[in-house]
Every structure is written in structure tokens, then in C-alpha cells.
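**Q** Okay, here's the structure, questions in a sec.
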Amino acid sequence: MSSDCDQNTMMAHAAPSEGHHRLNPFVGKWNARVKFFMAPGEPPSESTGTMENEWILGGRYLEQRYRSEMMGQPFEGRGLMGFCNGRQCYEGNWADTWGTGMMISRGSVDPSGRVFTMLGEVFSPGAGGPIPCRAVATIHDQNRNSYDMYFPGPDGRELHMMSIEYTRA
């Protein structure tokens, strides 16, 4: 931290902003319908789950808690989503029981305030290292939102790998 930052500047930077408030529609308890697209042209693997999102740390971060069963195994995930006032962007991380690394991402919201696009990377055991990913969260209305993930395919072109439809519980 730089010594030229006064307390008022620091407090203004640390306060929840409009960027944070745009995440309010995601708060609550949700039922999830998940589709995993394992390979192009093949039918997706489907599952259901629950997501609970709540503000923590004085409204600075949206904590996400997900539970389901996927491919016959219990699945659990945790995430944090927030808005960095300094960088003027959304930041997120995600960790779950399918791996030991975290997905770290940054992104923005479109002018409508309803479509959040995050770019990041995850460790891929198949690739033997990190691979880029793109996630799009869309607010459809007060009781519905969706989340779509995209990864590079074998030819390098982006493939839609996962789709989650959330309905308010």
C-alpha cells in the first residue's frame, strides 16, 4: 500500500459501489438445472443442484455455495464475486470438489447491466496446464438467471461446455 493514500481515499475505494449493487439480482436461494456438453454433437450430461448466494464482508463480496450430484458423485463448490472499485471490473474465484485449483476471473457487465462476461483460466488435467475460459452470467428476470462456460476445443475454437439455468427457490 502506498503511503500517499489518505484515509478518505482508502475508505471511498473500500465502500460498496454501483458495481456491487448490480450483483443484487443473484442474491438468494436457487434451484439449478445443469447441462455439461462433454463432446460436440453428443447429448449433454444433465444434473440438478442448489445455489445459495449472499453478501458477506459488508456487501463487498457475493459468496456462492453450490451443492449437487454430478456423474453419480457428490459435488460442492464455493465462489466469491465482487467489483473492484480500483480496477473498475468484476473479479471472481471458484473452487470445487472436481479439482484442487481455483478458477480466477475478471470481467465486465454490458450496458444493460444484465450480462456479465468473465475471462479467466483453470487448470486442465487433460491439457496438463492452465487453459483460458469464458463465463457469461445473464439476469433474465427477478426469478431466473443463467450461467454458461466456454473453453477451447481441440481445434482451438471456443466450445460451449456447460449451461446452468437458475430459478429462484
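Chain labels A, B, ... are given in the sequence in which chains occur in the C-alpha cells; within each chain residues are numbered consecutively from 1, and ligands are likewise numbered from 1 in the order shown.
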Identify, on the basis of only C-alpha atoms, every residue whose closest approach to range 31-45 of chain A does not exceed 10 Å; exclude the query and any residue fewer than 2 positions from it along the same chain; express the result as number ranges by chain.
**A** A: 29, 47-52, 66-68, 70-71, 144-149, 153, 159-169
**Q** What would the file look like if the residues just selected were written as a CSV table (one decimal), in the first residue's frame with N, CA, C and O atoms?
**A**
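So the final result, stored in part_12.csv, reads:
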```csv
chain,number,residue,atom,x,y,z
A,29,LYS,N,-31.7,-18.0,-2.8
A,29,LYS,CA,-31.6,-19.4,-2.9
A,29,LYS,C,-32.1,-19.8,-4.3
A,29,LYS,O,-33.2,-19.3,-4.6
A,47,SER,N,-27.8,-32.6,-14.7
A,47,SER,CA,-28.0,-32.8,-13.3
A,47,SER,C,-28.7,-31.6,-12.7
A,47,SER,O,-29.0,-30.7,-13.4
A,48,THR,N,-29.1,-31.7,-11.4
A,48,THR,CA,-29.7,-30.6,-10.7
A,48,THR,C,-28.9,-30.3,-9.5
A,48,THR,O,-28.1,-31.1,-9.0
A,49,GLY,N,-29.1,-29.1,-8.9
A,49,GLY,CA,-28.4,-28.7,-7.7
A,49,GLY,C,-29.1,-27.5,-7.1
A,49,GLY,O,-30.1,-27.1,-7.6
A,50,THR,N,-28.4,-27.0,-6.1
A,50,THR,CA,-28.9,-25.8,-5.4
A,50,THR,C,-27.7,-24.8,-5.3
A,50,THR,O,-26.6,-25.2,-5.1
A,51,MET,N,-28.1,-23.5,-5.4
A,51,MET,CA,-27.1,-22.5,-5.2
A,51,MET,C,-27.6,-21.5,-4.2
A,51,MET,O,-28.8,-21.1,-4.2
A,52,GLU,N,-26.8,-21.1,-3.2
A,52,GLU,CA,-27.2,-20.0,-2.3
A,52,GLU,C,-26.2,-18.9,-2.4
A,52,GLU,O,-25.0,-19.2,-2.2
A,66,TYR,N,-22.6,-23.9,-3.7
A,66,TYR,CA,-23.4,-24.8,-4.7
A,66,TYR,C,-23.2,-26.2,-4.2
A,66,TYR,O,-22.2,-26.6,-3.7
A,67,ARG,N,-24.3,-27.0,-4.3
A,67,ARG,CA,-24.4,-28.4,-4.0
A,67,ARG,C,-25.2,-29.2,-5.0
A,67,ARG,O,-26.2,-28.7,-5.5
A,68,SER,N,-24.6,-30.3,-5.4
A,68,SER,CA,-25.4,-31.2,-6.3
A,68,SER,C,-24.8,-32.6,-6.4
A,68,SER,O,-23.8,-32.9,-5.6
A,70,MET,N,-23.1,-34.9,-9.5
A,70,MET,CA,-22.7,-34.9,-10.9
A,70,MET,C,-22.0,-36.2,-11.3
A,70,MET,O,-21.1,-36.6,-10.5
A,71,MET,N,-22.5,-36.8,-12.3
A,71,MET,CA,-21.9,-38.0,-12.8
A,71,MET,C,-21.8,-39.1,-11.7
A,71,MET,O,-20.9,-39.8,-11.5
A,144,ARG,N,-35.0,-15.6,-12.5
A,144,ARG,CA,-34.3,-16.5,-13.4
A,144,ARG,C,-33.0,-15.9,-13.8
A,144,ARG,O,-32.9,-14.7,-14.2
A,145,ASN,N,-31.9,-16.7,-13.8
A,145,ASN,CA,-30.6,-16.3,-14.4
A,145,ASN,C,-29.9,-17.5,-14.9
A,145,ASN,O,-30.4,-18.6,-14.6
A,146,SER,N,-28.9,-17.3,-15.7
A,146,SER,CA,-28.2,-18.4,-16.3
A,146,SER,C,-26.7,-18.2,-16.2
A,146,SER,O,-26.3,-17.0,-16.1
A,147,TYR,N,-26.0,-19.3,-16.4
A,147,TYR,CA,-24.5,-19.2,-16.4
A,147,TYR,C,-24.0,-20.2,-17.4
A,147,TYR,O,-24.4,-21.4,-17.5
A,148,ASP,N,-23.2,-19.7,-18.3
A,148,ASP,CA,-22.6,-20.5,-19.4
A,148,ASP,C,-21.1,-20.4,-19.4
A,148,ASP,O,-20.6,-19.3,-19.2
A,149,MET,N,-20.5,-21.6,-19.6
A,149,MET,CA,-19.0,-21.6,-19.6
A,149,MET,C,-18.5,-22.1,-21.0
A,149,MET,O,-19.1,-23.0,-21.6
A,153,GLY,N,-11.7,-25.8,-27.7
A,153,GLY,CA,-11.8,-27.1,-28.1
A,153,GLY,C,-10.5,-27.7,-28.7
A,153,GLY,O,-9.5,-26.9,-28.7
A,159,LEU,N,-15.6,-23.7,-27.4
A,159,LEU,CA,-16.8,-24.6,-27.3
A,159,LEU,C,-17.6,-24.3,-26.0
A,159,LEU,O,-17.0,-24.0,-25.0
A,160,HIS,N,-18.9,-24.4,-26.2
A,160,HIS,CA,-19.8,-24.2,-25.1
A,160,HIS,C,-19.8,-25.6,-24.3
A,160,HIS,O,-20.2,-26.6,-24.8
A,161,MET,N,-19.3,-25.5,-23.0
A,161,MET,CA,-19.1,-26.7,-22.3
A,161,MET,C,-20.1,-27.0,-21.2
A,161,MET,O,-20.3,-28.1,-20.8
A,162,MET,N,-20.7,-25.9,-20.7
A,162,MET,CA,-21.7,-26.0,-19.6
A,162,MET,C,-22.7,-24.9,-19.6
A,162,MET,O,-22.4,-23.8,-20.0
A,163,SER,N,-23.9,-25.3,-19.2
A,163,SER,CA,-25.0,-24.3,-19.1
A,163,SER,C,-25.8,-24.6,-17.9
A,163,SER,O,-26.1,-25.8,-17.6
A,164,ILE,N,-26.0,-23.6,-17.1
A,164,ILE,CA,-26.8,-23.7,-15.8
A,164,ILE,C,-28.0,-22.7,-15.9
A,164,ILE,O,-27.8,-21.5,-16.1
A,165,GLU,N,-29.2,-23.2,-15.7
A,165,GLU,CA,-30.4,-22.4,-15.6
A,165,GLU,C,-30.8,-22.4,-14.1
A,165,GLU,O,-31.0,-23.4,-13.5
A,166,TYR,N,-30.9,-21.2,-13.6
A,166,TYR,CA,-31.2,-21.0,-12.2
A,166,TYR,C,-32.6,-20.4,-12.1
A,166,TYR,O,-33.0,-19.5,-12.8
A,167,THR,N,-33.4,-21.0,-11.2
A,167,THR,CA,-34.8,-20.4,-10.9
A,167,THR,C,-34.8,-20.2,-9.4
A,167,THR,O,-34.3,-21.1,-8.6
A,168,ARG,N,-35.4,-19.1,-8.9
A,168,ARG,CA,-35.4,-18.8,-7.5
A,168,ARG,C,-36.2,-19.9,-6.8
A,168,ARG,O,-37.3,-20.3,-7.2
A,169,ALA,N,-35.6,-20.4,-5.7
A,169,ALA,CA,-36.3,-21.4,-4.8
A,169,ALA,C,-37.4,-20.8,-4.0
A,169,ALA,O,-37.3,-19.7,-3.6
```
**Q** Give me, as a PyMOL selection string, the residues of range 78-164 of chain A that a backbone DSSP run labels strand (DSSP E or B).
**A** chain A and resi 78-84+89-96+103-109+115-124+129-141+144-152+158-164
**Q** Apply DSSP to the backbone of this structure and, from range 2-168 of chain A, keep only the residues in helix (DSSP H, G or I); write these as a ChimeraX atom specification.
**A** /A:7-14,18-21,24-26
**Q** Would you output that residue set with C-alpha atoms, as a PDB file, in the first residue's frame?
**A**
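Dumped to selection07.pdb:
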```pdb
ATOM      1  CA  GLN A   7      -7.790   7.588   4.866  1.00  0.00           C
ATOM      2  CA  ASN A   8     -10.673   9.227   2.957  1.00  0.00           C
ATOM      3  CA  THR A   9      -9.398   7.879  -0.373  1.00  0.00           C
ATOM      4  CA  MET A  10      -8.954   4.442   1.158  1.00  0.00           C
ATOM      5  CA  MET A  11     -12.476   4.433   2.647  1.00  0.00           C
ATOM      6  CA  ALA A  12     -14.042   5.569  -0.643  1.00  0.00           C
ATOM      7  CA  HIS A  13     -12.230   2.790  -2.502  1.00  0.00           C
ATOM      8  CA  ALA A  14     -13.331   0.201   0.083  1.00  0.00           C
ATOM      9  CA  GLU A  18     -22.931   0.644  -8.004  1.00  0.00           C
ATOM     10  CA  GLY A  19     -20.831  -2.185  -9.446  1.00  0.00           C
ATOM     11  CA  HIS A  20     -21.609  -4.228  -6.346  1.00  0.00           C
ATOM     12  CA  HIS A  21     -25.310  -3.360  -6.424  1.00  0.00           C
ATOM     13  CA  ASN A  24     -28.088  -7.961  -6.180  1.00  0.00           C
ATOM     14  CA  PRO A  25     -30.331  -9.993  -8.535  1.00  0.00           C
ATOM     15  CA  PHE A  26     -28.096 -13.052  -7.884  1.00  0.00           C
TER      16      PHE A  26
END
```
**Q** Measuring between only C-alpha atoms, which one of A:Glu46, A:Glu63, A:Asp4, A:Asp96 shows the shortest distance to Phe75 in chain A?
**A**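 Comparing A:Glu46, A:Glu63, A:Asp4, A:Asp96 against Phe75 in chain A, the winner is A:Asp96.
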**Q** Suppose you want the space between CA of Trp30 in chain A and CA of Leu62 in chain A; what is it in Å?
**A**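 Result for CA of Trp30 in chain A versus CA of Leu62 in chain A: 14.2 Å, one decimal.
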**Q** Looking at only C-alpha atoms, which of A:Gln73, A:Thr117, A:Ser17, A:Thr138 is the one that sits closest to Tyr150 in chain A?
**A**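 Residue with the minimum atom-to-atom distance to Tyr150 in chain A: A:Thr117.
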**Q** Can you tell me which residues surround Met103 in chain A at a distance of at most 7 Å, considering only C-alpha atoms, apart from same-chain residues fewer than 2 positions away, and format the answer as a ChimeraX atom specification?
**A** /A:93-95,101,105,120-122
**Q** Grab the CA of Tyr90 in chain A to CA of Arg114 in chain A distance for me, in Å with one decimal place.
**A**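 We find that CA of Tyr90 in chain A and CA of Arg114 in chain A lie 13.2 Å from each other.
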**Q** Quick one: of A:Pro74, A:Pro152, A:Gly92, A:Gly28, who's nearest to Ser124 in chain A, counting only C-alpha atoms?
**A**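 Under the stated criterion, the closest residue is A:Pro152.
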**Q** Just the residues within 12 Å of Ile56 in chain A, please, counting only C-alpha atoms, with nothing from its chain fewer than 5 positions along; format it as a list in words.
**A**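 Skipping anything fewer than 5 positions along the chain leaves Pro16, His20, Val27, Tyr61, Leu62, Glu63, Gln64, Gly79, Leu80, Met81 and Gly82 of chain A.
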**Q** Those selected residues, please, written with all heavy atoms and delivered as a CSV table (one decimal), in the first residue's frame.
**A**
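Final output, again.csv:
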```csv
chain,number,residue,atom,x,y,z
A,16,PRO,N,-18.8,-0.4,-0.8
A,16,PRO,CA,-19.5,-1.0,-1.9
A,16,PRO,C,-20.1,0.1,-2.9
A,16,PRO,O,-20.5,1.2,-2.4
A,16,PRO,CB,-20.7,-1.7,-1.2
A,16,PRO,CG,-20.1,-2.0,0.2
A,16,PRO,CD,-19.2,-0.8,0.5
A,20,HIS,N,-21.2,-3.2,-7.3
A,20,HIS,CA,-21.6,-4.2,-6.3
A,20,HIS,C,-23.1,-4.4,-6.4
A,20,HIS,O,-23.6,-5.5,-6.5
A,20,HIS,CB,-21.2,-3.9,-4.9
A,20,HIS,CG,-19.7,-3.8,-4.7
A,20,HIS,ND1,-19.0,-2.7,-5.0
A,20,HIS,CD2,-18.9,-4.8,-4.3
A,20,HIS,CE1,-17.7,-2.9,-4.7
A,20,HIS,NE2,-17.6,-4.2,-4.3
A,27,VAL,N,-28.6,-12.6,-5.5
A,27,VAL,CA,-28.7,-13.0,-4.1
A,27,VAL,C,-29.9,-13.8,-3.9
A,27,VAL,O,-31.0,-13.6,-4.5
A,27,VAL,CB,-28.8,-11.7,-3.2
A,27,VAL,CG1,-29.1,-12.0,-1.8
A,27,VAL,CG2,-27.5,-10.9,-3.3
A,61,TYR,N,-18.6,-8.6,-1.2
A,61,TYR,CA,-18.4,-9.9,-1.9
A,61,TYR,C,-19.7,-10.7,-1.9
A,61,TYR,O,-20.3,-10.8,-0.8
A,61,TYR,CB,-17.2,-10.7,-1.4
A,61,TYR,CG,-15.9,-9.9,-1.4
A,61,TYR,CD1,-15.5,-9.2,-0.3
A,61,TYR,CD2,-15.2,-9.8,-2.6
A,61,TYR,CE1,-14.4,-8.5,-0.3
A,61,TYR,CE2,-14.0,-9.0,-2.6
A,61,TYR,CZ,-13.6,-8.4,-1.5
A,61,TYR,OH,-12.5,-7.6,-1.5
A,62,LEU,N,-20.0,-11.3,-3.0
A,62,LEU,CA,-21.1,-12.2,-3.1
A,62,LEU,C,-20.6,-13.6,-2.9
A,62,LEU,O,-19.8,-14.1,-3.7
A,62,LEU,CB,-21.8,-12.1,-4.4
A,62,LEU,CG,-23.2,-12.8,-4.6
A,62,LEU,CD1,-24.2,-12.3,-3.6
A,62,LEU,CD2,-23.7,-12.7,-6.0
A,63,GLU,N,-20.9,-14.2,-1.8
A,63,GLU,CA,-20.5,-15.6,-1.5
A,63,GLU,C,-21.4,-16.6,-2.2
A,63,GLU,O,-22.6,-16.5,-2.0
A,63,GLU,CB,-20.4,-15.9,0.0
A,63,GLU,CG,-19.9,-17.3,0.3
A,63,GLU,CD,-19.9,-17.5,1.8
A,63,GLU,OE1,-20.9,-17.3,2.4
A,63,GLU,OE2,-18.8,-18.0,2.3
A,64,GLN,N,-20.9,-17.5,-2.9
A,64,GLN,CA,-21.7,-18.5,-3.6
A,64,GLN,C,-21.4,-19.9,-3.0
A,64,GLN,O,-20.3,-20.3,-2.9
A,64,GLN,CB,-21.3,-18.5,-5.1
A,64,GLN,CG,-21.5,-17.2,-5.8
A,64,GLN,CD,-20.8,-17.1,-7.1
A,64,GLN,OE1,-19.6,-17.4,-7.2
A,64,GLN,NE2,-21.5,-16.7,-8.1
A,79,GLY,N,-17.7,-20.0,-4.3
A,79,GLY,CA,-17.1,-18.9,-5.1
A,79,GLY,C,-17.3,-17.5,-4.4
A,79,GLY,O,-18.1,-17.4,-3.4
A,80,LEU,N,-16.5,-16.6,-4.8
A,80,LEU,CA,-16.7,-15.2,-4.4
A,80,LEU,C,-16.7,-14.4,-5.7
A,80,LEU,O,-16.0,-14.6,-6.6
A,80,LEU,CB,-15.5,-14.7,-3.5
A,80,LEU,CG,-15.4,-15.2,-2.1
A,80,LEU,CD1,-14.1,-14.7,-1.5
A,80,LEU,CD2,-16.6,-14.8,-1.3
A,81,MET,N,-17.6,-13.4,-5.7
A,81,MET,CA,-17.7,-12.5,-6.8
A,81,MET,C,-17.8,-11.1,-6.2
A,81,MET,O,-18.5,-10.9,-5.2
A,81,MET,CB,-19.0,-12.8,-7.6
A,81,MET,CG,-19.3,-11.9,-8.7
A,81,MET,SD,-18.3,-12.5,-10.1
A,81,MET,CE,-19.1,-11.6,-11.4
A,82,GLY,N,-17.1,-10.2,-6.8
A,82,GLY,CA,-17.2,-8.8,-6.3
A,82,GLY,C,-16.8,-7.8,-7.4
A,82,GLY,O,-16.6,-8.2,-8.6
```
**Q** To one decimal in Å, tell me the separation between CA of Val136 in chain A and CA of Val115 in chain A.
**A**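 A separation of 6.8 Å between them.
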**Q** For each of A:Cys84, A:Glu158, A:Pro125, A:Gln142, take the minimum atom-to-atom distance to Thr100 in chain A, counting only C-alpha atoms, then give the residue where this is smallest.
**A** A:Pro125
